[in-house]
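Below is one structure, written out as structure tokens; the observations come after it.
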Amino acid sequence: MRNYRLIWSLVFAAAVLLSAGQTAMAAPSNDLCANALPIGNVTNQPFDTTGATHDGLYSNGNDIWYCYTATCTGTATISLCGTTWDSMLAVYSGCQCPATVGRRLAYNDDYCGLASQVSIPVTGGNQYLIEVGHWYTFSSGTGVISVSCVGTPVTTNDNCANAQTVGNVTNLAFTTVGATHDGPSACIMNSPNIWYKYTATCTGTAVFSLCGSSFDTVLAVYSGTSCSNLSLVGCNDDACGSQSELSISVTSGKTYWIEVGGLSQTDVGTGKLTISCGGQVQDASDLGDAPDTTNHTASIMRTYDNSVTAQFPTVFTGNAVKGPIHLDPKGVAYLGNTVTFEDEADQGYDQDPTNNILPTQLNINADRDLGDDGVVMSTDPWLGSTLAMNHCQFTTFNYKVNVIDPNVDMWVNVWFDWNRDGDWEDDGNTDQNLNCASCNTGGAVKEWAVQNQLLYNLNTGINTITTPGFLAWHPASGNKKIWMRITLSDQPWKGGTGAAGSGPTNGYDYGETEDYYFTPNEDCVVCEDLNRDGVVDEYDLFTYMMLWLNNCSE
């Protein structure tokens, strides 16, 4: 049986290769393990693996990921029954990525026909990583997933600070038994309460319903960026008998806080939460993730081993100099295969597990946008992901643009912090060190390395593009890592109108900004001023010899 499956898998792979010229599909938001989608107890929740890639352990074809927080201590059942293709399913303890063999709790290929199902013992409040994939290589399609938990219910989202993240759900089971009361008490609710955090999937009307619950409920919905600044949007006591329901206007990508409780202090019990959103589905915006001292908390962010104040324009709102924001990233074209959406760089809704930058923490808490995949990096066993950029030598690199509408011209700009001073403002005129006059290449080096490269007549789908040539520069000592920004936008960047790397006052309509923090690969080049003394002479030969002895000899 398996041999026939393998044969058909190879046949299917050949068919995919023959049709490779067709337009590439955008990957699902939970394509990668790192972007596992939070999921609760659901029944036949639809999913689609079209456009997904493979990064799992137990599926052969495309796979997607979920993170489940157990709602009971007992037995959880994860099922793909109702899916019509040959699926594979694995569950791991914890939601850390990557998934490992040692954390695997259960695995199944065929349970209900060719669809998969597993049951595992769970502890209430603990998280479990779910891998949903295909038996056949290169296959994809739509399916349904159901998750249920049988055992002793637990309340893990008792406090607002521990609000459970949910999406559009149908009859999500909950209990307020054992819960306490917290929150702004802006609604007629003084009973034990629990909390959910919902990010609107549309701009239109969202319906929040507790119909079918077993006790006299009260429901409140708030807007805000955290539990400390909630504003009441709607409140309801009785809508369907003694249960509650609210219909409110929502904006796609915005976060809403849901408070579930009872009418009196004795009104507790089990219930069901249903959320739906009807309207125009829109994606949120995109921003960069380089550290920025002009953030909402006015915290000084540092970089380069915390020795340099970071002044890269990243945060958009509240600043005279705006970080680049792209209001409709996927409207025309974007970088690479993926965009992860956010309302702002340092606060509010973010599709990733954290905001792009965390200003109140150290520099290591920048560079957190998981959708930065447009620049074609090479891999070095010592440096990791890198670009080859030799000191005072002309270089280029490749990047990928995913085109949706080929009839719109776009521009690309790139900045490098060559002198490692925490901004992209400098060139040979402002910093005399940024000059390669002593080298055969000659000339002033510019941190605005690629200036308004015009993209036109591109094909729909992925296009690989090479930048114009530019001079690279690196200090002789000190920090080797460098911050780089690449911006794809629907209008050119005008130097002198704001900090280098910033965006327009009203933002860009389309495109994407990606920031990279890496160590450049400096391979040896003949006649290079290796010791940075401004002269190519025998001392550079000595420097090369020492580099060779340190790196090449055994």
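For the structure tokens, the naming scheme is as follows: chains receive sequential letters (A, B, ...) according to their order of presentation, residues are indexed from 1 within each chain, and ligands are indexed from 1 in presentation order.
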
Give the strand (DSSP E or B) residues of range 411-502 of chain A, as assigned by DSSP on the backbone, as JSON, numbers by chain. {"A": [411, 412, 413, 414, 415, 416, 427, 435, 444, 446, 448, 449, 450, 451, 452, 453, 454, 455, 461, 462, 463, 464, 465, 466, 470, 471, 482, 483, 484, 485, 486, 487, 488, 489]}

Return as a tab-separated table the residues of range 175-252 of chain A lying at most 9 Å from range 155-162 of chain A, together with the closest atom-to-atom pair for each and the distance in Å to one decimal, counting only C-alpha atoms, with rows in chain order and ascending residue number.
residue	atom	partner	partner_atom	distance
A:Thr175	CA	A:Thr155	CA	6.5
A:Thr176	CA	A:Thr155	CA	6.8
A:Val177	CA	A:Thr155	CA	7.5
A:Gly178	CA	A:Thr155	CA	7.1
A:Ala179	CA	A:Asp158	CA	5.4
A:Thr180	CA	A:Asp158	CA	6.5
A:His181	CA	A:Asn159	CA	7.7
A:Asp182	CA	A:Asn159	CA	6.4
A:Gly183	CA	A:Cys160	CA	6.7
A:Pro192	CA	A:Asp158	CA	8.3
A:Asn193	CA	A:Asp158	CA	6.5
A:Ile194	CA	A:Asp158	CA	4.5
A:Trp195	CA	A:Cys160	CA	5.5
A:Tyr196	CA	A:Asn157	CA	7.2
A:Lys197	CA	A:Cys160	CA	8.9
A:Ser226	CA	A:Ala161	CA	8.1
A:Cys227	CA	A:Cys160	CA	6.2

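Each of A:Gly371, A:Pro184, A:Gly151, A:Gly133 was checked against Ser231 in chain A using only C-alpha atoms; the smallest atom-to-atom distance is that of A:Pro184.
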
Distance query Asn62 in chain A at most 10 Å, only C-alpha atoms, self and fewer than 4 positions along chain excluded, as a VMD selection string: chain A and resid 31 49 to 56 132 to 141

Find the residues near range 384-398 of chain A: any atom within 6 Å, counting only C-alpha atoms, skip ones fewer than 5 places away on the same chain, and give them as a PyMOL selection string. chain A and resi 376-379+436+465-467+469-474+520-522
